[in-house]
$ cat data-v1.txt   # compact mmCIF, C-alpha atoms and all ligand atoms
# COMPACT_ATOMS: atom_id res chain seq x y z
CA MET V 402 56.38 14.85 62.80
CA ASN V 403 57.44 11.33 63.75
CA ALA V 404 59.23 9.70 60.88
CA PRO V 405 61.57 6.72 60.53
CA VAL V 406 65.22 7.57 61.11
CA PRO V 407 67.53 6.75 58.20
CA LYS V 408 70.73 4.89 58.93
CA PRO V 409 73.47 7.36 59.93
CA TRP V 410 75.60 6.47 56.90
CA ILE V 411 72.68 7.30 54.62
CA LEU V 412 72.46 10.78 56.14
CA GLY V 413 76.20 11.09 55.46
CA ILE V 414 75.58 11.00 51.69
CA ALA V 415 75.74 14.29 49.81
CA PRO V 416 73.18 13.79 47.01
CA TYR V 417 74.56 13.42 43.46
CA VAL V 418 74.32 16.70 41.55
CA PRO V 419 73.56 16.05 37.87
CA GLY V 420 74.65 18.38 35.07
CA ARG V 421 72.10 21.10 34.42
CA SER V 422 69.95 20.78 31.33
CA THR V 423 68.01 24.06 31.49
CA ILE V 424 68.72 27.73 31.99
CA ASP V 425 66.30 29.82 34.07
CA GLY V 426 64.42 31.96 31.58
CA GLY V 427 66.96 31.38 28.81
CA THR V 428 67.50 29.32 25.68
CA VAL V 429 69.98 26.46 25.74
CA VAL V 430 72.47 26.85 22.90
CA ALA V 431 74.74 24.00 23.97
CA LYS V 432 74.40 21.44 26.76
CA LEU V 433 77.99 20.50 27.45
CA SER V 434 77.43 19.36 31.05
CA SER V 435 76.86 15.58 30.96
CA ASN V 436 79.34 14.10 28.45
CA GLU V 437 76.61 13.05 26.03
CA ASN V 438 77.38 12.25 22.39
CA PRO V 439 76.96 15.39 20.22
CA LEU V 440 76.39 13.16 17.16
CA GLY V 441 73.23 11.71 18.76
CA THR V 442 72.21 8.04 18.64
CA PRO V 443 72.96 5.41 15.95
CA PRO V 444 69.93 5.27 13.59
CA ALA V 445 69.60 1.49 14.00
CA ALA V 446 69.34 1.95 17.78
CA ARG V 447 66.45 4.39 17.31
CA ALA V 448 64.70 1.89 15.03
CA ALA V 449 65.19 -0.90 17.57
CA PHE V 450 63.77 1.33 20.30
CA ASP V 451 60.69 2.05 18.15
CA ALA V 452 60.17 -1.65 17.45
CA ALA V 453 60.03 -2.37 21.20
CA LEU V 454 56.75 -0.40 21.32
CA GLY V 455 55.03 -3.58 20.16
CA SER V 456 55.62 -5.35 23.49
CA LEU V 457 55.23 -2.76 26.22
CA GLU V 458 52.97 -5.03 28.29
CA ARG V 459 55.69 -7.69 28.61
CA TYR V 460 58.53 -7.76 31.14
CA PRO V 461 61.99 -7.48 29.59
CA ASP V 462 64.26 -10.53 29.31
CA PRO V 463 65.55 -10.75 32.90
CA ALA V 464 68.72 -12.51 31.73
CA ALA V 465 69.42 -9.96 28.95
CA THR V 466 70.56 -12.94 26.91
CA ALA V 467 70.76 -11.32 23.48
CA LEU V 468 72.48 -8.24 24.90
CA ARG V 469 75.08 -10.32 26.74
CA GLU V 470 75.75 -12.34 23.61
CA ALA V 471 76.19 -9.21 21.51
CA ILE V 472 78.59 -7.69 24.07
CA ALA V 473 80.50 -10.97 24.38
CA GLN V 474 80.91 -11.19 20.62
CA ALA V 475 82.01 -7.57 20.27
CA HIS V 476 84.68 -7.86 22.98
CA ASP V 477 85.59 -11.56 22.85
CA LEU V 478 84.15 -12.31 26.32
CA ASP V 479 82.26 -15.15 28.02
CA PRO V 480 78.57 -14.09 28.02
CA ALA V 481 78.01 -15.95 31.31
CA ARG V 482 80.40 -13.54 33.05
CA ILE V 483 78.64 -10.31 31.98
CA ILE V 484 76.50 -8.39 34.48
CA TYR V 485 74.19 -5.62 33.23
CA GLY V 486 72.68 -2.68 35.04
CA THR V 487 70.47 0.37 34.94
CA GLY V 488 73.43 2.32 33.65
CA SER V 489 76.89 1.32 34.77
CA ASP V 490 76.02 3.37 37.87
CA GLU V 491 73.95 0.40 39.04
CA VAL V 492 76.85 -1.99 38.42
CA LEU V 493 79.10 0.26 40.54
CA HIS V 494 76.52 0.15 43.33
CA LEU V 495 76.26 -3.64 43.01
CA ALA V 496 80.03 -3.92 43.42
CA ALA V 497 80.03 -1.92 46.64
CA GLY V 498 76.87 -3.65 47.85
CA ALA V 499 78.17 -7.17 47.34
CA PHE V 500 81.71 -6.65 48.65
CA ALA V 501 81.66 -3.86 51.25
CA GLY V 502 79.70 -2.97 54.34
CA VAL V 503 79.97 -1.38 57.77
CA GLY V 504 83.59 -1.35 58.96
CA ASP V 505 85.02 -1.85 55.47
CA GLU V 506 86.92 0.67 53.38
CA VAL V 507 86.39 1.65 49.75
CA VAL V 508 89.26 3.47 48.04
CA PHE V 509 89.08 5.90 45.12
CA VAL V 510 90.99 8.98 43.97
CA ARG V 511 90.40 12.58 44.89
CA TYR V 512 88.58 14.17 41.94
CA GLY V 513 87.10 10.77 41.16
CA PHE V 514 83.62 9.90 39.89
CA ALA V 515 80.99 11.12 42.37
CA VAL V 516 79.08 7.82 42.38
CA TYR V 517 81.92 5.93 44.14
CA GLU V 518 81.49 7.83 47.39
CA ILE V 519 77.70 7.45 47.30
CA ALA V 520 78.01 3.71 46.58
CA ALA V 521 80.44 3.27 49.50
CA ARG V 522 78.39 5.26 52.00
CA ARG V 523 75.14 3.64 50.92
CA VAL V 524 76.31 0.31 52.32
CA GLY V 525 77.84 1.82 55.45
CA ALA V 526 81.45 1.47 54.24
CA THR V 527 84.07 4.16 54.83
CA PRO V 528 85.25 6.10 51.76
CA VAL V 529 89.05 6.50 51.63
CA ILE V 530 90.39 9.12 49.26
CA ALA V 531 93.79 8.72 47.60
CA PRO V 532 95.55 11.99 46.76
CA ASP V 533 95.98 12.88 43.08
CA ARG V 534 99.21 13.91 41.33
CA ASP V 535 98.32 17.24 39.64
CA TYR V 536 94.82 15.80 38.97
CA ALA V 537 96.19 12.53 37.57
CA THR V 538 95.54 9.13 39.11
CA ASP V 539 98.50 8.11 41.29
CA VAL V 540 98.78 4.34 41.65
CA ASP V 541 101.27 4.60 44.53
CA ALA V 542 98.91 6.91 46.42
CA ILE V 543 96.09 4.39 45.95
CA LEU V 544 98.31 1.55 47.17
CA ALA V 545 99.28 3.60 50.23
CA CYS V 546 95.57 3.68 51.19
CA ILE V 547 95.17 -0.09 51.25
CA THR V 548 94.64 -1.56 54.73
CA PRO V 549 93.34 -4.92 55.98
CA ASN V 550 89.88 -3.31 55.90
CA THR V 551 89.98 -2.39 52.18
CA ARG V 552 87.35 -4.31 50.21
CA VAL V 553 86.89 -2.36 46.95
CA VAL V 554 89.06 0.01 44.88
CA PHE V 555 87.35 2.11 42.20
CA VAL V 556 89.45 3.53 39.34
CA ALA V 557 87.87 5.27 36.34
CA ASN V 558 90.10 5.15 33.29
CA PRO V 559 89.87 7.69 31.75
CA ASN V 560 88.73 9.40 34.92
CA ASN V 561 85.77 11.74 35.29
CA PRO V 562 85.82 14.73 35.94
CA THR V 563 89.54 15.01 35.13
CA GLY V 564 89.81 13.07 31.84
CA ALA V 565 93.12 11.69 33.15
CA TYR V 566 94.28 8.33 31.82
CA VAL V 567 96.53 5.72 33.44
CA ALA V 568 98.51 3.55 31.02
CA GLY V 569 98.08 -0.22 31.01
CA GLY V 570 101.32 -0.89 32.82
CA GLU V 571 100.11 1.16 35.77
CA ILE V 572 96.78 -0.72 35.97
CA ALA V 573 98.70 -4.01 35.92
CA ARG V 574 101.04 -2.72 38.64
CA LEU V 575 98.07 -1.64 40.78
CA HIS V 576 96.39 -5.01 40.38
CA ALA V 577 99.58 -6.95 41.10
CA ALA V 578 100.11 -5.09 44.37
CA LEU V 579 96.53 -5.47 45.64
CA PRO V 580 95.58 -8.28 48.00
CA ARG V 581 93.56 -10.93 46.13
CA ASP V 582 90.52 -10.38 48.36
CA VAL V 583 90.20 -6.73 47.30
CA LEU V 584 87.91 -6.12 44.31
CA LEU V 585 89.48 -3.79 41.74
CA VAL V 586 86.74 -2.04 39.75
CA ILE V 587 88.02 -0.44 36.56
CA ASP V 588 85.35 1.90 35.26
CA GLN V 589 85.79 2.24 31.49
CA ALA V 590 82.85 4.54 30.75
CA TYR V 591 85.04 6.41 28.24
CA ALA V 592 87.16 3.52 26.90
CA GLU V 593 85.71 3.81 23.38
CA TYR V 594 87.12 7.34 23.10
CA LEU V 595 90.69 6.09 23.45
CA ALA V 596 92.92 5.84 20.39
CA PRO V 597 93.25 2.21 19.25
CA GLU V 598 96.83 2.02 20.61
CA ASP V 599 95.65 3.10 24.11
CA ASP V 600 94.38 -0.05 25.79
CA ASP V 601 94.74 -0.07 29.56
CA GLY V 602 94.52 -3.87 29.54
CA ALA V 603 91.61 -3.93 31.99
CA LEU V 604 89.41 -6.33 30.00
CA ALA V 605 92.34 -8.70 29.52
CA LEU V 606 92.95 -8.54 33.26
CA ALA V 607 89.27 -9.22 33.99
CA ARG V 608 89.41 -12.33 31.77
CA GLU V 609 92.20 -13.81 33.90
CA ALA V 610 91.99 -12.39 37.43
CA GLY V 611 89.44 -13.37 40.05
CA ASN V 612 89.24 -9.93 41.66
CA VAL V 613 88.75 -7.51 38.75
CA LEU V 614 85.47 -6.02 37.54
CA VAL V 615 85.47 -3.85 34.39
CA THR V 616 82.43 -1.65 33.80
CA ARG V 617 81.25 -0.10 30.53
CA THR V 618 78.26 1.96 29.45
CA PHE V 619 75.99 2.67 26.50
CA SER V 620 75.43 6.21 27.80
CA LYS V 621 78.47 7.89 26.33
CA ILE V 622 79.86 7.05 22.87
CA TYR V 623 76.84 4.85 21.99
CA GLY V 624 74.48 7.79 22.48
CA LEU V 625 71.93 5.97 24.65
CA ALA V 626 72.11 7.84 27.97
CA ALA V 627 68.30 8.00 28.17
CA GLU V 628 67.98 4.22 28.17
CA ARG V 629 70.31 3.53 31.15
CA ILE V 630 72.24 0.48 30.01
CA GLY V 631 75.62 -0.45 31.49
CA TRP V 632 77.48 -3.70 31.94
CA GLY V 633 80.40 -5.25 33.73
CA TYR V 634 82.81 -8.17 33.24
CA GLY V 635 84.46 -10.17 35.98
CA SER V 636 85.15 -13.63 37.33
CA ALA V 637 82.23 -16.06 37.60
CA GLU V 638 82.35 -15.67 41.41
CA VAL V 639 82.18 -11.87 41.33
CA ILE V 640 79.38 -11.83 38.74
CA ASP V 641 77.40 -14.41 40.73
CA ALA V 642 77.51 -12.16 43.81
CA LEU V 643 76.36 -9.11 41.83
CA HIS V 644 73.39 -10.99 40.35
CA ARG V 645 72.15 -11.83 43.85
CA ILE V 646 71.43 -8.17 44.64
CA ARG V 647 70.50 -6.91 41.15
CA ALA V 648 66.88 -5.85 40.63
CA PRO V 649 65.09 -8.63 38.72
CA PHE V 650 64.18 -6.69 35.54
CA ASN V 651 66.80 -3.96 35.67
CA VAL V 652 67.27 -3.27 31.97
CA THR V 653 64.34 -2.38 29.76
CA THR V 654 63.25 -4.13 26.58
CA ALA V 655 63.77 -1.05 24.43
CA GLY V 656 67.12 -0.38 26.07
CA GLN V 657 68.39 -3.91 25.48
CA ALA V 658 67.31 -3.79 21.83
CA ALA V 659 68.74 -0.33 21.23
CA ALA V 660 72.06 -1.29 22.85
CA ILE V 661 72.40 -4.37 20.65
CA ALA V 662 71.75 -2.24 17.56
CA ALA V 663 74.21 0.41 18.72
CA LEU V 664 76.92 -2.23 19.17
CA GLY V 665 76.35 -3.19 15.56
CA ASP V 666 77.04 0.31 14.25
CA ALA V 667 80.83 0.37 14.37
CA ALA V 668 80.92 3.22 11.84
CA PHE V 669 78.92 5.49 14.18
CA VAL V 670 81.24 4.72 17.07
CA GLU V 671 84.33 5.39 14.96
CA ARG V 672 82.85 8.65 13.63
CA SER V 673 82.13 9.71 17.21
CA ARG V 674 85.66 8.82 18.36
CA VAL V 675 87.32 10.69 15.50
CA HIS V 676 85.10 13.73 15.97
CA ASN V 677 85.93 13.80 19.66
CA ALA V 678 89.68 13.38 19.15
CA GLN V 679 89.72 16.23 16.63
CA TRP V 680 87.70 18.73 18.67
CA LEU V 681 89.22 17.81 22.02
CA ALA V 682 92.70 18.50 20.62
CA TRP V 683 91.46 21.72 19.00
CA PHE V 684 89.84 22.88 22.24
CA GLU V 685 92.93 22.07 24.31
CA ASP V 686 94.95 24.24 21.90
CA GLN V 687 92.47 27.09 22.30
CA ILE V 688 92.76 26.93 26.09
CA ALA V 689 96.57 26.68 25.91
CA ALA V 690 96.48 30.01 24.08
CA LEU V 691 94.75 31.49 27.17
CA GLY V 692 97.51 30.30 29.49
CA ASN V 693 98.63 33.83 30.30
CA ALA V 694 95.14 34.42 31.79
CA GLY V 695 95.68 31.44 34.09
CA LEU V 696 93.63 28.87 32.15
CA ARG V 697 94.84 25.33 31.52
CA CYS V 698 93.35 21.97 30.62
CA VAL V 699 94.03 18.80 32.54
CA PRO V 700 95.24 16.48 29.73
CA SER V 701 92.18 14.42 28.73
CA LYS V 702 91.55 11.19 26.85
CA ALA V 703 87.78 11.33 27.40
CA ASN V 704 84.99 13.29 25.69
CA PHE V 705 85.38 16.33 27.90
CA SER V 706 88.03 18.67 29.19
CA LEU V 707 88.53 19.91 32.74
CA VAL V 708 89.55 23.56 32.40
CA LEU V 709 91.28 25.04 35.46
CA PHE V 710 91.02 28.76 36.18
CA GLU V 711 94.15 29.74 38.10
CA GLY V 712 94.26 33.43 37.15
CA PRO V 713 92.12 36.53 37.77
CA VAL V 714 88.99 35.17 36.04
CA THR V 715 87.33 32.56 38.27
CA ALA V 716 85.64 29.38 37.10
CA GLU V 717 82.48 30.58 38.85
CA ALA V 718 82.44 33.85 36.90
CA ALA V 719 83.11 32.03 33.62
CA TYR V 720 80.39 29.49 34.42
CA HIS V 721 77.76 32.20 34.88
CA ALA V 722 78.93 34.16 31.84
CA LEU V 723 78.71 31.01 29.68
CA LEU V 724 75.21 30.28 31.08
CA ALA V 725 74.11 33.78 30.15
CA HIS V 726 75.00 32.91 26.54
CA GLY V 727 73.16 29.59 26.61
CA PHE V 728 76.21 27.36 27.17
CA ILE V 729 75.76 24.90 30.05
CA VAL V 730 78.96 23.36 31.39
CA ARG V 731 79.75 21.64 34.69
CA TRP V 732 81.07 23.71 37.57
CA LEU V 733 82.11 21.37 40.36
CA PRO V 734 82.55 23.17 43.68
CA GLY V 735 80.92 20.21 45.44
CA GLN V 736 83.71 17.91 44.20
CA GLY V 737 86.57 20.07 45.44
CA LEU V 738 86.89 21.82 42.10
CA PRO V 739 85.56 25.38 42.62
CA HIS V 740 88.34 26.44 40.21
CA GLY V 741 87.38 24.06 37.41
CA LEU V 742 84.81 23.73 34.63
CA ARG V 743 84.24 20.37 33.00
CA ILE V 744 83.26 20.95 29.39
CA THR V 745 81.91 18.18 27.16
CA ILE V 746 83.24 18.12 23.60
CA GLY V 747 80.25 19.10 21.46
CA THR V 748 79.71 19.84 17.78
CA GLU V 749 82.21 21.93 15.81
CA GLN V 750 79.87 24.91 16.04
CA GLN V 751 79.47 24.52 19.80
CA MET V 752 83.23 24.23 20.34
CA ARG V 753 83.99 27.28 18.20
CA GLY V 754 81.25 29.12 20.10
CA ILE V 755 82.50 28.27 23.58
CA ALA V 756 86.14 29.03 22.71
CA GLN V 757 85.09 32.45 21.39
CA LEU V 758 83.03 33.10 24.53
CA LEU V 759 85.90 32.14 26.84
CA ARG V 760 88.21 34.53 24.96
CA SER V 761 85.74 37.38 25.34
CA ILE V 762 85.08 36.58 29.03
CA ILE V 763 88.80 36.81 29.72
CA ALA V 764 89.24 39.97 27.70
CA ALA V 765 86.35 41.73 29.49
C1 LIG G 1 79.04 8.59 32.87
C2 LIG G 1 79.84 7.70 33.74
C3 LIG G 1 79.39 6.45 34.18
C4 LIG G 1 78.10 5.87 33.92
O1 LIG G 1 77.08 6.20 33.48
P1 LIG G 1 75.77 5.35 33.25
O2 LIG G 1 74.96 6.27 32.46
O3 LIG G 1 75.21 5.04 34.60
O4 LIG G 1 76.17 4.11 32.54
C5 LIG G 1 80.20 5.66 34.95
N1 LIG G 1 81.41 6.06 35.28
C6 LIG G 1 81.91 7.25 34.89
C7 LIG G 1 83.28 7.61 35.28
C8 LIG G 1 81.13 8.11 34.13
O5 LIG G 1 81.60 9.30 33.79

$ encode --input "data-v1.txt" --output "structure tokens"
Amino acid sequence: MNAPVPKPWILGIAPYVPGRSTIDGGTVVAKLSSNENPLGTPPAARAAFDAALGSLERYPDPAATALREAIAQAHDLDPARIIYGTGSDEVLHLAAGAFAGVGDEVVFVRYGFAVYEIAARRVGATPVIAPDRDYATDVDAILACITPNTRVVFVANPNNPTGAYVAGGEIARLHAALPRDVLLVIDQAYAEYLAPEDDDGALALAREAGNVLVTRTFSKIYGLAAERIGWGYGSAEVIDALHRIRAPFNVTTAGQAAAIAALGDAAFVERSRVHNAQWLAWFEDQIAALGNAGLRCVPSKANFSLVLFEGPVTAEAAYHALLAHGFIVRWLPGQGLPHGLRITIGTEQQMRGIAQLLRSIIAA
């Protein structure tokens, strides 16, 4: 049949593969595939969502004024320099869309977040992949990829799917060595999981520098993945460009209200961070004890662990065995990680369950 022909760079996109949420013919015991908060959603955010039912016929506030003010207050930022999106995914797409196009290059690390490549290709730009250093982000490798055609550099810190974290000094070094006309996007989707002493300095950099965009999300620690609310902070010039291509009513009324309420529940966020730190460390110890079977964790500062299978039991076999017991994790052959499983830190019961299953899979 005759049909319009998509642009060649669109056909070059491998579609994003989301984490599974169901098991064919089976019961889900634990969904540990999408880095969602096992403690749920702050109660005040639920109440705010419910209250939005009273105005479903109205468009949302297109300027997200109250949300920007709440974010600005929480992080000591200028509300005029906050962009918001349908998840931070949209903000990442806006960054590529406003600053890169055909003939330009967009740099990110191998084993980086899958959206970066899609965002680059979508606008016809060429993705350039910087090698990792044993799964960690290597600032020198990123810098070696910079050419006169580089327009955007994406760095997730902590990174997904590796959980790897680059210290603040390294982010500052990366920024200092980049040409001023290259946009450095620092994706902090997991920043709230960091210990208080771990600050990569990205927001401070974005306050001062003209070419830095920091992105954050309400999908992870704030427990609002369903509502798709993300935001970014950058110079007035960068934010102005992003607004020009943003969809007019891109964040919903209920989502804006729920996000504001979630920001107000510092105790929930702290409880989530402490829970994660405790069970991430516990899980990493459990995997370390399976080192003689070839398992190891990439050191993580996020709410998940990338477990590498470098012995006789493959990640694929473990993935299917876990599924058979109702545990959904992320196997990532499409991202160059056929030997890895990314496992979200869940409840205590879920973590004890998956550790026990992994021990029995290896012993079998
Ligand atoms: C989950 C995630 C996001 C964003 O998610 P949204 O739900 O679109 O806000 C962005 N970057 C990384 C690295 C992530 O893991």

$ residues_near_ligand --input "data-v1.txt" --ligand "ligand LIG 1 (chain G)" --cutoff "10 Å" --atoms "all atoms listed in the file" --output "ChimeraX atom specification"
/V:435-437,485-493,513-517,555-564,587-591,616-621,625-632,703-705

$ closest_atom_pairs --input "data-v1.txt" --of "range 637-700 of chain V" --to "range 603-614 of chain V" --cutoff "10 Å" --atoms "only C-alpha atoms" --output "JSON lines"
{"residue": "V:Ala637", "atom": "CA", "partner": "V:Gly611", "partner_atom": "CA", "distance": 8.1}
{"residue": "V:Glu638", "atom": "CA", "partner": "V:Gly611", "partner_atom": "CA", "distance": 7.6}
{"residue": "V:Val639", "atom": "CA", "partner": "V:Asn612", "partner_atom": "CA", "distance": 7.3}
{"residue": "V:Ile640", "atom": "CA", "partner": "V:Leu614", "partner_atom": "CA", "distance": 8.5}

$ write_last_selection --input "data-v1.txt" --atoms "C-alpha atoms" --output "CSV table (one decimal), keeping the file's coordinate frame"
chain,number,residue,atom,x,y,z
V,637,ALA,CA,82.2,-16.1,37.6
V,638,GLU,CA,82.4,-15.7,41.4
V,639,VAL,CA,82.2,-11.9,41.3
V,640,ILE,CA,79.4,-11.8,38.7

$ atom_distance --input "data-v1.txt" --atom1 "CA of Ser636 in chain V" --atom2 "CA of Ala465 in chain V"
18.2 Å

$ residues_near_point --input "data-v1.txt" --point "(68.0, 23.0, 32.8)" --cutoff "12 Å" --atoms "all atoms listed in the file" --output "VMD selection string"
chain V and resid 419 to 435 724 727 to 731

$ closest_residue --input "data-v1.txt" --among "V:Leu544, V:Ala453, V:Ala578, V:Ala642" --to "Ala497 in chain V" --atoms "only C-alpha atoms"
V:Ala642

$ residues_around --input "data-v1.txt" --residues "range 531-534 of chain V" --least-positions-apart "6" --cutoff "9 Å" --atoms "all atoms listed in the file" --output "ChimeraX atom specification"
/V:508-512,540,542-546

$ residues_near_point --input "data-v1.txt" --point "(94.7, 31.8, 36.7)" --cutoff "9 Å" --atoms "all atoms listed in the file" --output "PyMOL selection string"
chain V and resi 692-697+709-715

$ write_last_selection --input "data-v1.txt" --atoms "C-alpha atoms" --output "tab-separated table (two decimals), in the frame of the given file"
chain	number	residue	atom	x	y	z
V	692	GLY	CA	97.51	30.30	29.49
V	693	ASN	CA	98.63	33.83	30.30
V	694	ALA	CA	95.14	34.42	31.79
V	695	GLY	CA	95.68	31.44	34.09
V	696	LEU	CA	93.63	28.87	32.15
V	697	ARG	CA	94.84	25.33	31.52
V	709	LEU	CA	91.28	25.04	35.46
V	710	PHE	CA	91.02	28.76	36.18
V	711	GLU	CA	94.15	29.74	38.10
V	712	GLY	CA	94.26	33.43	37.15
V	713	PRO	CA	92.12	36.53	37.77
V	714	VAL	CA	88.99	35.17	36.04
V	715	THR	CA	87.33	32.56	38.27

$ atom_distance --input "data-v1.txt" --atom1 "CA of Thr748 in chain V" --atom2 "CA of Leu440 in chain V"
7.5 Å

$ atom_distance --input "data-v1.txt" --atom1 "CA of His721 in chain V" --atom2 "CA of Val708 in chain V"
14.8 Å

$ residues_around --input "data-v1.txt" --residues "Gln757 in chain V" --least-positions-apart "3" --cutoff "12 Å" --atoms "only C-alpha atoms" --output "ChimeraX atom specification"
/V:684,687-688,690-691,723,726,728,750-754,760-764

$ closest_residue --input "data-v1.txt" --among "V:Leu585, V:Ala446, V:Val524, V:Ala473" --to "Arg552 in chain V" --atoms "only C-alpha atoms"
V:Leu585

$ residues_around --input "data-v1.txt" --residues "Glu458 in chain V" --least-positions-apart "3" --cutoff "12 Å" --atoms "all atoms listed in the file" --output "VMD selection string"
chain V and resid 453 to 455 461 653 to 654

$ closest_residue --input "data-v1.txt" --among "V:Arg469, V:Lys702, V:Lys408, V:Arg522" --to "Thr745 in chain V" --atoms "all atoms listed in the file"
V:Lys702

$ closest_residue --input "data-v1.txt" --among "V:Pro700, V:Pro444, V:Pro739, V:Pro649" --to "Ala464 in chain V" --atoms "all atoms listed in the file"
V:Pro649

$ residues_around --input "data-v1.txt" --residues "Ala520 in chain V" --least-positions-apart "6" --cutoff "12 Å" --atoms "all atoms listed in the file" --output "VMD selection string"
chain V and resid 410 to 411 413 to 417 490 to 502 506 to 509 514 526 to 528 553 to 555

$ closest_residue --input "data-v1.txt" --among "V:Ala662, V:Val586, V:Val503, V:Val567" --to "Asp451 in chain V" --atoms "only C-alpha atoms"
V:Ala662

$ closest_residue --input "data-v1.txt" --among "V:Gln736, V:Thr442, V:Ser456, V:Ser701" --to "Tyr594 in chain V" --atoms "all atoms listed in the file"
V:Ser701

$ decode --input "data-v1.txt" --residues "range 720-744 of chain V" --atoms "C-alpha atoms" --output "PDB file, in the first residue's frame"
ATOM      1  CA  TYR V 720      15.851 -13.688  34.021  1.00  0.00           C
ATOM      2  CA  HIS V 721      13.526 -16.487  32.911  1.00  0.00           C
ATOM      3  CA  ALA V 722      13.883 -18.389  36.190  1.00  0.00           C
ATOM      4  CA  LEU V 723      12.996 -15.230  38.157  1.00  0.00           C
ATOM      5  CA  LEU V 724       9.991 -14.615  35.859  1.00  0.00           C
ATOM      6  CA  ALA V 725       8.773 -18.145  36.507  1.00  0.00           C
ATOM      7  CA  HIS V 726       8.628 -17.219  40.213  1.00  0.00           C
ATOM      8  CA  GLY V 727       6.788 -13.960  39.599  1.00  0.00           C
ATOM      9  CA  PHE V 728       9.813 -11.636  39.846  1.00  0.00           C
ATOM     10  CA  ILE V 729      10.086  -9.211  36.917  1.00  0.00           C
ATOM     11  CA  VAL V 730      13.489  -7.587  36.462  1.00  0.00           C
ATOM     12  CA  ARG V 731      15.088  -5.868  33.476  1.00  0.00           C
ATOM     13  CA  TRP V 732      17.200  -7.918  31.092  1.00  0.00           C
ATOM     14  CA  LEU V 733      18.891  -5.563  28.649  1.00  0.00           C
ATOM     15  CA  PRO V 734      20.261  -7.372  25.593  1.00  0.00           C
ATOM     16  CA  GLY V 735      19.083  -4.475  23.413  1.00  0.00           C
ATOM     17  CA  GLN V 736      21.371  -2.087  25.331  1.00  0.00           C
ATOM     18  CA  GLY V 737      24.513  -4.162  24.933  1.00  0.00           C
ATOM     19  CA  LEU V 738      23.971  -5.884  28.271  1.00  0.00           C
ATOM     20  CA  PRO V 739      22.923  -9.482  27.465  1.00  0.00           C
ATOM     21  CA  HIS V 740      24.983 -10.445  30.546  1.00  0.00           C
ATOM     22  CA  GLY V 741      23.234  -8.068  32.949  1.00  0.00           C
ATOM     23  CA  LEU V 742      20.009  -7.804  34.927  1.00  0.00           C
ATOM     24  CA  ARG V 743      18.919  -4.447  36.293  1.00  0.00           C
ATOM     25  CA  ILE V 744      17.020  -5.036  39.515  1.00  0.00           C
TER      26      ILE V 744
END
